[in-house]
Amino acid sequence: MGGIDSIMKRGLRHIVWLLLLFCGVANAQQDPQFNQYFFNPLSVNPAYAGSRGGLSAVALHRSQWVGFEGAPTTQAFAVHAPSRDKKTGYGLQFMNDQIGPKNTISVSGIYAYKIQLLRGQLGFGLRASLYNYIFDWSEINFEDQAATRTALNGTETYLTPSFDFGVYYSDKKNYVGLELTHLNEGKLGIQTDNVNLSSASQQRAQAIIVAGRAFVLNDKFTFKPSVLIKTANNQPAFVDLNGSVLLNKKIWLGLAYRRGYGAAFITEYNFSKAFRIGYSFDMSLTELSRANGGSHEIFLGYDLNLFKSRIVSPRYF
């Protein structure tokens with residue numbers, strides 16, 4: 001039975017790899033999805049750049065489906081800051097995403113312009129990115145090696161630009177944003193002698209909607225529900241629902257639910273006005289949960305008050 005289980009796991013691994021490689025870029029989940037997006041709104045909207053009032057740096061690592069060979073792992077780093085007059089924001093992002101034989105490295109530059117509206121601020125943002133896709137076909141053990149050796153062999157690299165646009169409004173207790181990603185729908189151009197994957201290996205434009213509100217019940221308890229929705233043409237919507245509480249202005253505790261996937265536990269601790277650390281654990285409620293031990297994510301954030309201005313504390317987003 002052990003040998004059969006091993007064969008089944010290898011087969012499942014390769015099926016998941018191929019689905020992620022050739023179908024993943026064509027649906028609403030083509031980019032890495034982080035549990036702690038509401039602690040780092042820049043990851044889902046470029047118009048957020050500069051919104052924290054000072055230089056803000058975040059680093060994140062995600063290990064997905066632990067125990068599943070070739071499962072996704074992602075590292076991300078971002079830094080952003082406002083201009084002295086707070087009317088513009090600037091940012092840089094770096095990301096490394098590994099899924100089986102595919103490695104994606106991206107670098108992004110961000111610009112945001114902000115105007116005062118009602119009790120808050122309305123921002124418009126642009127993100128220009130360069131993606132480097134690296135495929136190592138030797139990592140896949142095909143059942144019919146003779147038929148596939150000439151079709152997929154060795155390592156291939158593709159550079160693809162991408163452009164995103166975002167609108168983001170926030171005040172002290174509310175936020176709502178819309179981002180349109182991969183507007184140019186860049187192609188990877190994967191094409192071999194026997195297999196044409198060009199149509200499948202294309203970035204698809206999608207919309208990302210985020211919204212949340214902080215209900216301050218008293219000095220020691222704040223409740224914050226939030227939602228993230230991703231949509232793309234001819235694809236079912238990706239929905240992430242979250243409810244978090246802030247205790248004693250120090251620690252966030254939250255639960256999230258993703259339609260069609262599972263649930264996540266999320267926490268963040270604010271050591272000071274400048275330094276914070278977060279952790280999340282999520283578990284799939286699908287058949288995939290039988291082959292892995294869940295997913296882990298760790299987040300570090302640091303804010304530097306560049307202009308010695310008044311910084312809002314605590315920050316709700």
# chains A, B, ... in the order shown; residues from 1 in each chain; ligands from 1

$ residues_around --residues "stretch 59-65 of chain A" --least-positions-apart "5" --cutoff "10 Å" --atoms "only C-alpha atoms" --output "PyMOL selection string"
chain A and resi 32-36+40+70-79+93-99+277-284+288-289+291-302

$ select_by_dssp --residues "stretch 174-315 of chain A" --states "strand (DSSP E)" --output "MDAnalysis selection string"
chainID A and resid 174:181 206:213 215:218 221:232 238:247 251:258 262:270 275:284 295:304

$ closest_residue --among "A:Leu55, A:Leu42, A:Leu180, A:Ala81" --to "A:Leu304" --atoms "only C-alpha atoms"
A:Leu55

$ residues_around --residues "A:Leu92" --least-positions-apart "2" --cutoff "12 Å" --atoms "only C-alpha atoms" --output "short mmCIF file (atom, residue, chain, number, x, y, z; two decimals) with C-alpha atoms, in the first residue's frame"
data_model
loop_
_atom_site.label_atom_id
_atom_site.label_comp_id
_atom_site.auth_asym_id
_atom_site.auth_seq_id
_atom_site.Cartn_x
_atom_site.Cartn_y
_atom_site.Cartn_z
CA LEU A 42 -0.02 47.89 -0.99
CA SER A 43 0.02 44.26 -2.19
CA PRO A 46 -0.82 50.63 -5.74
CA ALA A 49 1.56 53.92 -1.51
CA GLY A 50 2.46 56.56 1.06
CA LEU A 55 8.59 55.23 5.23
CA SER A 56 6.98 51.80 5.56
CA ALA A 57 8.75 48.51 4.84
CA VAL A 58 7.20 45.04 4.91
CA ALA A 76 7.82 39.38 -0.89
CA PHE A 77 9.34 42.70 0.14
CA ALA A 78 7.89 46.17 -0.31
CA VAL A 79 8.82 49.68 0.75
CA HIS A 80 6.80 52.86 0.20
CA ALA A 81 6.70 56.44 1.43
CA GLY A 89 3.45 58.28 -2.79
CA TYR A 90 6.24 56.11 -4.14
CA PHE A 94 10.03 42.57 -5.03
CA MET A 95 8.55 39.08 -5.18
CA SER A 106 9.16 40.26 -10.22
CA VAL A 107 10.15 43.83 -9.48
CA SER A 108 7.63 46.69 -9.43
CA GLY A 109 7.74 50.46 -9.27
CA ILE A 110 4.71 52.31 -7.85
CA TYR A 111 3.43 55.88 -8.06
CA ALA A 112 0.33 57.26 -6.32
CA LEU A 126 0.02 53.00 -11.06
CA ARG A 127 2.21 49.91 -10.79
CA ALA A 128 4.69 48.93 -13.51
CA SER A 129 6.21 45.48 -13.11
CA LEU A 130 8.65 43.20 -14.87
#

$ closest_residue --among "A:Ala232, A:Ala274, A:Val44, A:Ala264" --to "A:Ala211" --atoms "only C-alpha atoms"
A:Val44

$ closest_residue --among "A:Ser272, A:Arg119, A:Arg259, A:Tyr37" --to "A:Gly212" --atoms "only C-alpha atoms"
A:Tyr37

$ residues_around --residues "stretch 239-256 of chain A" --least-positions-apart "3" --cutoff "10 Å" --atoms "only C-alpha atoms" --output "PyMOL selection string"
chain A and resi 35-36+38+208-210+212+214-216+218-231+236+259-273+276-282+313-316

$ write_last_selection --atoms "N, CA and C atoms" --output "compact mmCIF listing (two decimals), in the first residue's frame"
# COMPACT_ATOMS: atom_id res chain seq x y z
N ASN A 35 -2.69 35.79 3.09
CA ASN A 35 -3.74 35.93 4.09
C ASN A 35 -3.76 37.33 4.70
N GLN A 36 -2.58 37.94 4.84
CA GLN A 36 -2.46 39.18 5.59
C GLN A 36 -2.47 40.42 4.70
N PHE A 38 -4.67 42.68 4.42
CA PHE A 38 -5.19 43.88 5.08
C PHE A 38 -4.18 44.51 6.03
N ILE A 208 -9.55 43.53 -8.54
CA ILE A 208 -9.45 43.19 -7.13
C ILE A 208 -10.15 44.27 -6.33
N ILE A 209 -11.16 43.89 -5.58
CA ILE A 209 -11.91 44.82 -4.75
C ILE A 209 -11.63 44.51 -3.29
N VAL A 210 -11.28 45.53 -2.52
CA VAL A 210 -11.07 45.36 -1.08
C VAL A 210 -11.89 46.41 -0.34
N GLY A 212 -13.14 47.50 4.02
CA GLY A 212 -13.14 47.16 5.44
C GLY A 212 -13.55 48.34 6.28
N ALA A 214 -13.41 49.67 10.64
CA ALA A 214 -13.04 49.44 12.04
C ALA A 214 -14.14 49.99 12.94
N PHE A 215 -14.70 49.13 13.78
CA PHE A 215 -15.70 49.54 14.77
C PHE A 215 -15.02 49.61 16.13
N VAL A 216 -14.75 50.81 16.59
CA VAL A 216 -14.07 51.01 17.87
C VAL A 216 -15.13 50.97 18.97
N ASN A 218 -14.53 50.29 22.36
CA ASN A 218 -13.98 50.99 23.52
C ASN A 218 -12.46 51.03 23.37
N ASP A 219 -11.75 51.51 24.40
CA ASP A 219 -10.30 51.67 24.32
C ASP A 219 -9.56 50.34 24.18
N LYS A 220 -10.21 49.24 24.54
CA LYS A 220 -9.52 47.96 24.55
C LYS A 220 -10.02 46.98 23.49
N PHE A 221 -11.05 47.38 22.73
CA PHE A 221 -11.62 46.40 21.80
C PHE A 221 -12.10 47.10 20.53
N THR A 222 -11.55 46.66 19.40
CA THR A 222 -11.95 47.15 18.08
C THR A 222 -12.22 45.96 17.17
N PHE A 223 -13.34 46.00 16.49
CA PHE A 223 -13.70 44.93 15.56
C PHE A 223 -13.58 45.44 14.14
N LYS A 224 -12.91 44.65 13.28
CA LYS A 224 -12.71 45.07 11.89
C LYS A 224 -13.05 43.95 10.92
N PRO A 225 -14.20 44.01 10.26
CA PRO A 225 -14.49 43.07 9.16
C PRO A 225 -13.89 43.60 7.86
N SER A 226 -13.52 42.69 6.98
CA SER A 226 -12.98 43.10 5.68
C SER A 226 -13.29 42.04 4.64
N VAL A 227 -13.20 42.44 3.38
CA VAL A 227 -13.49 41.52 2.29
C VAL A 227 -12.54 41.80 1.13
N LEU A 228 -12.16 40.76 0.44
CA LEU A 228 -11.38 40.86 -0.80
C LEU A 228 -12.07 40.00 -1.84
N ILE A 229 -12.29 40.58 -3.02
CA ILE A 229 -12.93 39.86 -4.13
C ILE A 229 -12.06 40.02 -5.37
N LYS A 230 -11.75 38.90 -6.03
CA LYS A 230 -11.03 38.92 -7.30
C LYS A 230 -11.96 38.39 -8.39
N THR A 231 -12.00 39.11 -9.50
CA THR A 231 -12.83 38.66 -10.62
C THR A 231 -12.03 38.74 -11.91
N PRO A 236 -14.94 32.08 -12.04
CA PRO A 236 -15.69 32.34 -10.81
C PRO A 236 -14.94 33.32 -9.92
N ARG A 259 -13.93 31.20 -0.12
CA ARG A 259 -14.91 30.35 -0.78
C ARG A 259 -14.22 29.32 -1.67
N GLY A 260 -14.57 28.07 -1.48
CA GLY A 260 -14.03 27.01 -2.30
C GLY A 260 -12.66 26.52 -1.87
N TYR A 261 -12.10 27.10 -0.79
CA TYR A 261 -10.78 26.68 -0.35
C TYR A 261 -10.78 26.24 1.11
N GLY A 262 -10.96 27.17 2.03
CA GLY A 262 -10.89 26.81 3.43
C GLY A 262 -10.87 28.02 4.34
N ALA A 263 -10.22 27.86 5.50
CA ALA A 263 -10.22 28.90 6.52
C ALA A 263 -8.80 29.20 6.97
N ALA A 264 -8.63 30.36 7.62
CA ALA A 264 -7.32 30.79 8.09
C ALA A 264 -7.44 31.48 9.43
N PHE A 265 -6.42 31.29 10.27
CA PHE A 265 -6.27 32.03 11.52
C PHE A 265 -5.15 33.04 11.34
N ILE A 266 -5.38 34.29 11.75
CA ILE A 266 -4.42 35.36 11.50
C ILE A 266 -4.20 36.16 12.77
N THR A 267 -2.95 36.52 13.05
CA THR A 267 -2.65 37.36 14.20
C THR A 267 -1.53 38.33 13.87
N GLU A 268 -1.57 39.49 14.49
CA GLU A 268 -0.49 40.47 14.36
C GLU A 268 -0.26 41.12 15.72
N TYR A 269 1.01 41.32 16.07
CA TYR A 269 1.34 41.97 17.34
C TYR A 269 2.13 43.24 17.06
N ASN A 270 1.67 44.35 17.65
CA ASN A 270 2.34 45.63 17.50
C ASN A 270 3.28 45.85 18.69
N PHE A 271 4.57 45.63 18.47
CA PHE A 271 5.55 45.82 19.54
C PHE A 271 5.67 47.30 19.91
N SER A 272 5.50 48.17 18.93
CA SER A 272 5.58 49.61 19.13
C SER A 272 4.85 50.28 17.97
N LYS A 273 4.88 51.61 17.93
CA LYS A 273 4.28 52.32 16.80
C LYS A 273 5.02 52.01 15.50
N ARG A 276 5.98 45.76 13.87
CA ARG A 276 4.90 44.80 14.02
C ARG A 276 5.27 43.49 13.36
N ILE A 277 4.69 42.42 13.86
CA ILE A 277 4.94 41.09 13.30
C ILE A 277 3.62 40.33 13.24
N GLY A 278 3.42 39.58 12.16
CA GLY A 278 2.18 38.84 12.00
C GLY A 278 2.42 37.40 11.59
N TYR A 279 1.45 36.56 11.88
CA TYR A 279 1.53 35.14 11.51
C TYR A 279 0.13 34.66 11.14
N SER A 280 0.07 33.75 10.17
CA SER A 280 -1.21 33.15 9.82
C SER A 280 -1.03 31.67 9.48
N PHE A 281 -2.06 30.92 9.73
CA PHE A 281 -2.10 29.50 9.36
C PHE A 281 -3.41 29.24 8.66
N ASP A 282 -3.35 28.60 7.50
CA ASP A 282 -4.60 28.26 6.82
C ASP A 282 -4.61 26.80 6.40
N SER A 313 -2.06 56.38 15.61
CA SER A 313 -1.83 55.13 16.33
C SER A 313 -3.03 54.86 17.25
N PRO A 314 -3.58 53.63 17.22
CA PRO A 314 -3.13 52.51 16.39
C PRO A 314 -3.62 52.65 14.95
N ARG A 315 -2.95 51.95 14.04
CA ARG A 315 -3.36 51.92 12.65
C ARG A 315 -4.32 50.75 12.45
N TYR A 316 -5.44 51.01 11.79
CA TYR A 316 -6.41 49.94 11.54
C TYR A 316 -6.19 49.29 10.19

$ closest_residue --among "A:Asp164, A:Asp136, A:Asp171, A:Glu69" --to "A:Ala205" --atoms "only C-alpha atoms"
A:Asp164

$ select_by_dssp --residues "stretch 62-270 of chain A" --states "helix (DSSP H, G or I)" --output "list in words"
Trp137, Ser138, Glu139, Gln145, Ala146, Ala147 and Thr148 of chain A

$ write_last_selection --atoms "N, CA, C and O atoms" --output "mmCIF file, in the first residue's frame"
data_model
loop_
_atom_site.group_PDB
_atom_site.id
_atom_site.type_symbol
_atom_site.label_atom_id
_atom_site.label_comp_id
_atom_site.auth_asym_id
_atom_site.auth_seq_id
_atom_site.Cartn_x
_atom_site.Cartn_y
_atom_site.Cartn_z
ATOM 1 N N TRP A 137 11.795 22.279 -16.929
ATOM 2 C CA TRP A 137 10.979 21.134 -17.332
ATOM 3 C C TRP A 137 11.549 19.800 -16.849
ATOM 4 O O TRP A 137 10.810 18.813 -16.743
ATOM 5 N N SER A 138 12.839 19.762 -16.522
ATOM 6 C CA SER A 138 13.431 18.508 -16.056
ATOM 7 C C SER A 138 12.882 18.089 -14.696
ATOM 8 O O SER A 138 13.074 16.946 -14.269
ATOM 9 N N GLU A 139 12.210 19.003 -13.987
ATOM 10 C CA GLU A 139 11.652 18.678 -12.678
ATOM 11 C C GLU A 139 10.392 17.828 -12.786
ATOM 12 O O GLU A 139 9.949 17.241 -11.800
ATOM 13 N N GLN A 145 8.026 9.370 -21.234
ATOM 14 C CA GLN A 145 9.206 10.203 -21.387
ATOM 15 C C GLN A 145 9.572 10.403 -22.858
ATOM 16 O O GLN A 145 9.969 11.498 -23.266
ATOM 17 N N ALA A 146 9.428 9.375 -23.675
ATOM 18 C CA ALA A 146 9.836 9.473 -25.080
ATOM 19 C C ALA A 146 8.991 10.499 -25.834
ATOM 20 O O ALA A 146 9.485 11.232 -26.683
ATOM 21 N N ALA A 147 7.706 10.556 -25.501
ATOM 22 C CA ALA A 147 6.807 11.446 -26.233
ATOM 23 C C ALA A 147 6.961 12.900 -25.811
ATOM 24 O O ALA A 147 6.619 13.806 -26.552
ATOM 25 N N THR A 148 7.475 13.123 -24.606
ATOM 26 C CA THR A 148 7.523 14.497 -24.088
ATOM 27 C C THR A 148 8.935 15.067 -24.044
ATOM 28 O O THR A 148 9.097 16.259 -23.843
#

$ atom_distance --atom1 "atom CA of A:Thr88" --atom2 "atom CA of A:Asn174"
20.3 Å

$ closest_residue --among "A:Glu185, A:Asp31, A:Glu179, A:Asp85" --to "A:Ser309" --atoms "only C-alpha atoms"
A:Asp85

$ atom_distance --atom1 "atom CA of A:Gly123" --atom2 "atom CA of A:Tyr48"
6.9 Å

$ decode --residues "stretch 175-272 of chain A" --atoms "C-alpha atoms" --output "mmCIF file, in the first residue's frame"
data_model
loop_
_atom_site.group_PDB
_atom_site.id
_atom_site.type_symbol
_atom_site.label_atom_id
_atom_site.label_comp_id
_atom_site.auth_asym_id
_atom_site.auth_seq_id
_atom_site.Cartn_x
_atom_site.Cartn_y
_atom_site.Cartn_z
ATOM 1 C CA TYR A 175 -11.277 51.860 3.386
ATOM 2 C CA VAL A 176 -12.340 50.683 -0.045
ATOM 3 C CA GLY A 177 -10.218 50.041 -3.105
ATOM 4 C CA LEU A 178 -10.317 48.772 -6.670
ATOM 5 C CA GLU A 179 -7.283 47.512 -8.581
ATOM 6 C CA LEU A 180 -7.150 46.445 -12.240
ATOM 7 C CA THR A 181 -4.168 44.166 -12.771
ATOM 8 C CA HIS A 182 -2.242 42.916 -15.830
ATOM 9 C CA LEU A 183 -3.966 45.427 -18.090
ATOM 10 C CA ASN A 184 -1.651 44.606 -21.004
ATOM 11 C CA GLU A 185 -2.266 40.829 -20.586
ATOM 12 C CA GLY A 186 1.360 39.946 -21.265
ATOM 13 C CA LYS A 187 2.172 36.637 -22.929
ATOM 14 C CA LEU A 188 4.927 34.270 -21.860
ATOM 15 C CA GLY A 189 5.313 32.882 -25.387
ATOM 16 C CA ILE A 190 5.876 29.278 -24.334
ATOM 17 C CA GLN A 191 5.931 27.246 -27.539
ATOM 18 C CA THR A 192 7.820 24.060 -28.367
ATOM 19 C CA ASP A 193 8.101 21.844 -31.416
ATOM 20 C CA ASN A 194 5.202 19.616 -30.405
ATOM 21 C CA VAL A 195 3.309 21.624 -27.800
ATOM 22 C CA ASN A 196 1.867 25.119 -28.086
ATOM 23 C CA LEU A 197 1.194 26.618 -24.659
ATOM 24 C CA SER A 198 1.047 30.270 -25.689
ATOM 25 C CA SER A 199 -2.691 30.657 -25.208
ATOM 26 C CA ALA A 200 -2.615 29.116 -21.708
ATOM 27 C CA SER A 201 0.514 30.944 -20.529
ATOM 28 C CA GLN A 202 -0.837 34.473 -20.587
ATOM 29 C CA GLN A 203 -1.447 36.956 -17.808
ATOM 30 C CA ARG A 204 -5.141 37.759 -17.599
ATOM 31 C CA ALA A 205 -6.561 41.140 -16.619
ATOM 32 C CA GLN A 206 -8.526 40.978 -13.395
ATOM 33 C CA ALA A 207 -10.200 43.251 -10.864
ATOM 34 C CA ILE A 208 -9.450 43.187 -7.134
ATOM 35 C CA ILE A 209 -11.914 44.818 -4.753
ATOM 36 C CA VAL A 210 -11.069 45.364 -1.081
ATOM 37 C CA ALA A 211 -13.102 46.991 1.666
ATOM 38 C CA GLY A 212 -13.143 47.155 5.440
ATOM 39 C CA ARG A 213 -14.298 49.102 8.460
ATOM 40 C CA ALA A 214 -13.043 49.438 12.043
ATOM 41 C CA PHE A 215 -15.702 49.536 14.767
ATOM 42 C CA VAL A 216 -14.075 51.014 17.871
ATOM 43 C CA LEU A 217 -16.222 49.686 20.717
ATOM 44 C CA ASN A 218 -13.975 50.986 23.523
ATOM 45 C CA ASP A 219 -10.302 51.667 24.316
ATOM 46 C CA LYS A 220 -9.518 47.955 24.551
ATOM 47 C CA PHE A 221 -11.625 46.405 21.805
ATOM 48 C CA THR A 222 -11.949 47.153 18.081
ATOM 49 C CA PHE A 223 -13.704 44.927 15.560
ATOM 50 C CA LYS A 224 -12.708 45.074 11.891
ATOM 51 C CA PRO A 225 -14.487 43.072 9.163
ATOM 52 C CA SER A 226 -12.976 43.097 5.678
ATOM 53 C CA VAL A 227 -13.492 41.518 2.291
ATOM 54 C CA LEU A 228 -11.380 40.857 -0.797
ATOM 55 C CA ILE A 229 -12.928 39.862 -4.133
ATOM 56 C CA LYS A 230 -11.034 38.925 -7.304
ATOM 57 C CA THR A 231 -12.827 38.660 -10.616
ATOM 58 C CA ALA A 232 -11.723 37.828 -14.168
ATOM 59 C CA ASN A 233 -13.511 37.148 -17.436
ATOM 60 C CA ASN A 234 -15.238 33.763 -17.596
ATOM 61 C CA GLN A 235 -13.920 32.777 -14.156
ATOM 62 C CA PRO A 236 -15.690 32.340 -10.808
ATOM 63 C CA ALA A 237 -15.058 35.122 -8.315
ATOM 64 C CA PHE A 238 -12.471 34.556 -5.584
ATOM 65 C CA VAL A 239 -13.905 35.725 -2.247
ATOM 66 C CA ASP A 240 -11.979 36.194 1.019
ATOM 67 C CA LEU A 241 -13.993 37.184 4.114
ATOM 68 C CA ASN A 242 -12.230 38.234 7.306
ATOM 69 C CA GLY A 243 -13.151 39.319 10.805
ATOM 70 C CA SER A 244 -10.480 40.632 13.175
ATOM 71 C CA VAL A 245 -10.400 42.150 16.653
ATOM 72 C CA LEU A 246 -7.785 44.506 18.093
ATOM 73 C CA LEU A 247 -7.159 43.970 21.810
ATOM 74 C CA ASN A 248 -5.578 46.659 24.004
ATOM 75 C CA LYS A 249 -4.321 48.438 20.857
ATOM 76 C CA LYS A 250 -1.585 45.800 20.642
ATOM 77 C CA ILE A 251 -2.660 42.476 19.206
ATOM 78 C CA TRP A 252 -4.893 41.573 16.266
ATOM 79 C CA LEU A 253 -6.690 38.213 16.190
ATOM 80 C CA GLY A 254 -8.649 37.212 13.118
ATOM 81 C CA LEU A 255 -10.389 34.455 11.188
ATOM 82 C CA ALA A 256 -10.774 34.301 7.425
ATOM 83 C CA TYR A 257 -12.813 32.184 5.049
ATOM 84 C CA ARG A 258 -12.103 31.671 1.348
ATOM 85 C CA ARG A 259 -14.906 30.347 -0.784
ATOM 86 C CA GLY A 260 -14.031 27.006 -2.298
ATOM 87 C CA TYR A 261 -10.777 26.680 -0.346
ATOM 88 C CA GLY A 262 -10.893 26.807 3.432
ATOM 89 C CA ALA A 263 -10.222 28.899 6.524
ATOM 90 C CA ALA A 264 -7.317 30.789 8.089
ATOM 91 C CA PHE A 265 -6.272 32.029 11.524
ATOM 92 C CA ILE A 266 -4.423 35.362 11.502
ATOM 93 C CA THR A 267 -2.654 37.360 14.199
ATOM 94 C CA GLU A 268 -0.492 40.472 14.364
ATOM 95 C CA TYR A 269 1.343 41.973 17.341
ATOM 96 C CA ASN A 270 2.344 45.635 17.497
ATOM 97 C CA PHE A 271 5.549 45.821 19.543
ATOM 98 C CA SER A 272 5.583 49.608 19.130
#
